[in-house]
Each structure stands twice: as structure tokens, then as C-alpha cells.
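Beneath this line is the structure, given in C-alpha cells, with notes to follow.
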Amino acid sequence: AAIGPLGGYIIQNYGWQQAYRVFALAILLALPVILIFIKRNPAEINAEPYGIRSESRESFGISFKAAIKSPGFYLAFLFSGILGLLPTLVIHLPTYASSINLSPVYGAGVLSAALIGGGTGKILSGFINDRLGIVFSSASSMIAGAAGLVLLLFVREYHLVLAAGFLFGIGYSTTVVLPPLLARRLFGNKEYSRLYSVIMTANSLGSATGVWLYG
């Protein structure tokens with residue numbers, strides 16, 4: 001998120017070729033540091049594979065065949081597809097900023113604000129879900145996202161556009177957080193992996209549709 005304005009500045013003042021070289025060098029320098037933290041096996045850091053403890057718990061929920069016959073499955077599928085429309089809207093924020101006479105650097109800043117909002121929203125959604133449940137978590141995230149979208153349509157002052165981008169980012173973070181929580185809440189963990197993968201297919205289809213729709 002922080003690199004967006006820097007990239008916009010370099011492109012505006014030195015051209016995209018120079019920006020490409022700068023970020024390629026940055027990635028090359030960062031790669032050795034990243035490799036230090038990548039482990040082939042959890043045992044290397046005295047840890048267990050993620051989820052291994054939960055596998056021993058008694059499974060609950062309904063079967064895949066029963067789930068796909070329920071209205072809840074198709075509502076969850078549709079909801080996931082609608083959520084998939086949101087992430088592709090984010091990539092158009094710099095273009096939108098340009099359309100309201102903001103510079104490319106400012107446009108990159110709006111995108112960064114949305115990405116920061118997205119990261120913040122994921123943490124807040126998980127926290128609220130643990131404390132108050134998925135309904136309150138979903139509602140609060142969507143209200144924030146809707147408020148950000150409305151502000152983006154009507155405000156023109158840069159700092160307000162940044163705030164709008166941040167709020168919208170909180171809303172679009174639900175595309176990652178809500179589908180797994182919803183699938184587990186509706187269908188349990190008996191065949192969670194299979195049901196979740198099907199529901200997320202709608203999310204991918206929504207994202208693909210959004211690219212075409214917003215373009």
C-alpha cells in the first residue's frame with residue numbers, strides 16, 4: 001500500500017521504464033530476506049501443520065449433498081459472487097481519481113488508502129466476528145464499504161477522497177473474510193472444504209465479471 005504513491009511519483013517524473021527498474025531491483029534485494037522466513041516443514045520452527053489439532057475434534061454439520069439442496073447454499077453462492085465484484089473495483093480507483101482531476105500520485109494514494117483499509121478491515125472483521133458474531137461483523141463492514149462508495153461519488157477534496165477509499169477498503173475486505181465464516185456458520189465443518197471451494201467459485205466468477213463490467 002505504501003509503495004503506490006512512490007510508484008506514481010516515479011512514473012510521473014521519470015517514466016514507467018525507470019519505475020519498473022526501481023521495483024525490479026527492490027524485489028531482487030528483498031528476495032533473500034523473504035527466503036529466510038520460508039520453511040519447508042513446520043517442524044523446522046517447532047510447530048504443527050495448520051489445522052492438525054482441529055482434525056481430532058468431532059465433526060459437525062451437514063453433508064455436501066444435503067447442502068446443495070438447501071436454499072442457503074445458493075444464497076451463499078450468490079452472496080459470494082456479489083462480494084467478488086468489489087476487489088476489481090479497487091484497481092479502478094486511480095483512474096477514477098484522474099477523472100476528478102487528481103494527479104496520478106494522488107490517485108495512487110487513494111488506492112493505497114483502500115488497500116490499508118482492506119488490511120484493517122480483515123483484522124476488525126475477524127475480531128468483531130469472534131466477539132459479536134458474523135451478522136454484526138458482516139453488517140459493520142458493509143456499512144463502512146457503502147459509506148466509502150457514496151463518499152467517492154460525491155466528494156472531490158483529496159483528504160476526503162482518501163478517507164472514502166479507506167472506508168471502501170474496509171468493505172471490500174469482506175470478500176476474503178466473510179465467505180469462509182459464512183460457509184462454516186451455515187454448513188458446519190463436516191464437508192467444509194468442499195462446500196467452501198464451490199462457494200468461492202462464485203467469488204472468482206464475480207471478480208472476472210467485475211473486470212469486464214467496470215471497464
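By order of appearance in the C-alpha cells: chains A, B, ..., then residues from 1 within every chain, and ligands from 1 in the order shown.
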
Original post:
If you run DSSP on the backbone, which residues of segment 30-186 of chain A are alpha helix (DSSP H), as a ChimeraX atom specification?
Top reply: /A:30-36,64-67,71-83,85-90,93-99,104-132,134-154,158-172,174-186

Original post:
Any idea what's packed within 9 Å of segment 140-149 of chain A, counting only C-alpha atoms, ignoring anything in its chain fewer than 3 positions away? Could you give it as number ranges by chain?
Top reply: A: 121, 124-125, 128, 135-137, 152-153, 161, 163-174

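The coordinates place atom CA of Leu86 of chain A at 12.7 Å from atom CA of Trp212 of chain A.
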
Hey, could you make a per-residue contact list for segment 31-112 of chain A against segment 188-201 of chain A with 8 Å as the cut-off, showing the nearest pair of atoms and its distance in Å to one decimal, counting only C-alpha atoms, sorted by chain and number, as CSV?
```
residue,atom,partner,partner_atom,distance
A:Ser59,CA,A:Lys190,CA,5.2
A:Phe60,CA,A:Lys190,CA,5.2
A:Gly61,CA,A:Gly188,CA,3.9
A:Ile62,CA,A:Lys190,CA,6.3
A:Ser63,CA,A:Glu191,CA,6.1
A:Phe64,CA,A:Glu191,CA,6.2
A:Ala76,CA,A:Ile199,CA,6.9
A:Phe77,CA,A:Ile199,CA,4.9
A:Ser80,CA,A:Ile199,CA,6.5
A:Gly81,CA,A:Met200,CA,7.9
```

Restricting the output to all heavy atoms, write the selected residues as a PDB file, in the first residue's frame.
```pdb
ATOM      1  N   SER A  59     -16.581 -33.859  14.124  1.00  0.00           N
ATOM      2  CA  SER A  59     -17.117 -33.034  13.049  1.00  0.00           C
ATOM      3  C   SER A  59     -18.604 -32.796  13.253  1.00  0.00           C
ATOM      4  O   SER A  59     -19.311 -33.614  13.840  1.00  0.00           O
ATOM      5  CB  SER A  59     -16.874 -33.704  11.697  1.00  0.00           C
ATOM      6  OG  SER A  59     -17.552 -34.930  11.622  1.00  0.00           O
ATOM      7  N   PHE A  60     -19.081 -31.674  12.762  1.00  0.00           N
ATOM      8  CA  PHE A  60     -20.496 -31.350  12.851  1.00  0.00           C
ATOM      9  C   PHE A  60     -20.910 -30.674  11.552  1.00  0.00           C
ATOM     10  O   PHE A  60     -20.082 -30.169  10.795  1.00  0.00           O
ATOM     11  CB  PHE A  60     -20.777 -30.429  14.044  1.00  0.00           C
ATOM     12  CG  PHE A  60     -20.163 -29.066  13.897  1.00  0.00           C
ATOM     13  CD1 PHE A  60     -20.895 -28.014  13.381  1.00  0.00           C
ATOM     14  CD2 PHE A  60     -18.841 -28.837  14.273  1.00  0.00           C
ATOM     15  CE1 PHE A  60     -20.324 -26.750  13.236  1.00  0.00           C
ATOM     16  CE2 PHE A  60     -18.270 -27.585  14.130  1.00  0.00           C
ATOM     17  CZ  PHE A  60     -19.010 -26.539  13.613  1.00  0.00           C
ATOM     18  N   GLY A  61     -22.187 -30.657  11.287  1.00  0.00           N
ATOM     19  CA  GLY A  61     -22.676 -30.017  10.084  1.00  0.00           C
ATOM     20  C   GLY A  61     -23.416 -30.994   9.190  1.00  0.00           C
ATOM     21  O   GLY A  61     -23.764 -32.112   9.593  1.00  0.00           O
ATOM     22  N   ILE A  62     -23.641 -30.562   7.947  1.00  0.00           N
ATOM     23  CA  ILE A  62     -24.411 -31.380   7.013  1.00  0.00           C
ATOM     24  C   ILE A  62     -23.522 -31.799   5.849  1.00  0.00           C
ATOM     25  O   ILE A  62     -22.465 -31.220   5.610  1.00  0.00           O
ATOM     26  CB  ILE A  62     -25.644 -30.609   6.494  1.00  0.00           C
ATOM     27  CG1 ILE A  62     -25.213 -29.340   5.724  1.00  0.00           C
ATOM     28  CG2 ILE A  62     -26.571 -30.247   7.634  1.00  0.00           C
ATOM     29  CD1 ILE A  62     -26.375 -28.580   5.133  1.00  0.00           C
ATOM     30  N   SER A  63     -23.973 -32.807   5.141  1.00  0.00           N
ATOM     31  CA  SER A  63     -23.197 -33.326   4.024  1.00  0.00           C
ATOM     32  C   SER A  63     -23.281 -32.402   2.817  1.00  0.00           C
ATOM     33  O   SER A  63     -24.157 -31.522   2.729  1.00  0.00           O
ATOM     34  CB  SER A  63     -23.712 -34.715   3.636  1.00  0.00           C
ATOM     35  OG  SER A  63     -25.023 -34.626   3.094  1.00  0.00           O
ATOM     36  N   PHE A  64     -22.390 -32.620   1.874  1.00  0.00           N
ATOM     37  CA  PHE A  64     -22.380 -31.811   0.652  1.00  0.00           C
ATOM     38  C   PHE A  64     -23.680 -31.991  -0.125  1.00  0.00           C
ATOM     39  O   PHE A  64     -24.258 -31.018  -0.618  1.00  0.00           O
ATOM     40  CB  PHE A  64     -21.178 -32.212  -0.208  1.00  0.00           C
ATOM     41  CG  PHE A  64     -21.057 -31.426  -1.482  1.00  0.00           C
ATOM     42  CD1 PHE A  64     -20.481 -30.168  -1.483  1.00  0.00           C
ATOM     43  CD2 PHE A  64     -21.540 -31.943  -2.678  1.00  0.00           C
ATOM     44  CE1 PHE A  64     -20.372 -29.441  -2.658  1.00  0.00           C
ATOM     45  CE2 PHE A  64     -21.427 -31.228  -3.856  1.00  0.00           C
ATOM     46  CZ  PHE A  64     -20.840 -29.970  -3.852  1.00  0.00           C
ATOM     47  N   ALA A  76     -25.732 -18.294  -0.365  1.00  0.00           N
ATOM     48  CA  ALA A  76     -24.320 -18.086  -0.055  1.00  0.00           C
ATOM     49  C   ALA A  76     -23.504 -17.992  -1.341  1.00  0.00           C
ATOM     50  O   ALA A  76     -22.570 -17.188  -1.441  1.00  0.00           O
ATOM     51  CB  ALA A  76     -23.801 -19.222   0.827  1.00  0.00           C
ATOM     52  N   PHE A  77     -23.848 -18.806  -2.328  1.00  0.00           N
ATOM     53  CA  PHE A  77     -23.168 -18.784  -3.624  1.00  0.00           C
ATOM     54  C   PHE A  77     -23.362 -17.424  -4.297  1.00  0.00           C
ATOM     55  O   PHE A  77     -22.404 -16.819  -4.801  1.00  0.00           O
ATOM     56  CB  PHE A  77     -23.724 -19.905  -4.504  1.00  0.00           C
ATOM     57  CG  PHE A  77     -22.959 -20.137  -5.777  1.00  0.00           C
ATOM     58  CD1 PHE A  77     -21.855 -20.978  -5.795  1.00  0.00           C
ATOM     59  CD2 PHE A  77     -23.343 -19.519  -6.959  1.00  0.00           C
ATOM     60  CE1 PHE A  77     -21.147 -21.199  -6.967  1.00  0.00           C
ATOM     61  CE2 PHE A  77     -22.642 -19.728  -8.133  1.00  0.00           C
ATOM     62  CZ  PHE A  77     -21.542 -20.578  -8.140  1.00  0.00           C
ATOM     63  N   SER A  80     -21.475 -14.655  -2.351  1.00  0.00           N
ATOM     64  CA  SER A  80     -20.045 -14.722  -2.634  1.00  0.00           C
ATOM     65  C   SER A  80     -19.730 -14.107  -3.996  1.00  0.00           C
ATOM     66  O   SER A  80     -18.717 -13.426  -4.165  1.00  0.00           O
ATOM     67  CB  SER A  80     -19.567 -16.175  -2.584  1.00  0.00           C
ATOM     68  OG  SER A  80     -18.196 -16.274  -2.854  1.00  0.00           O
ATOM     69  N   GLY A  81     -20.602 -14.343  -4.978  1.00  0.00           N
ATOM     70  CA  GLY A  81     -20.396 -13.750  -6.300  1.00  0.00           C
ATOM     71  C   GLY A  81     -20.490 -12.238  -6.273  1.00  0.00           C
ATOM     72  O   GLY A  81     -19.700 -11.540  -6.927  1.00  0.00           O
TER      73      GLY A  81
END
```

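Atom CA of Gly7 of chain A to atom CA of Ala108 of chain A spans 7.8 Å [interatomic distance, one decimal].
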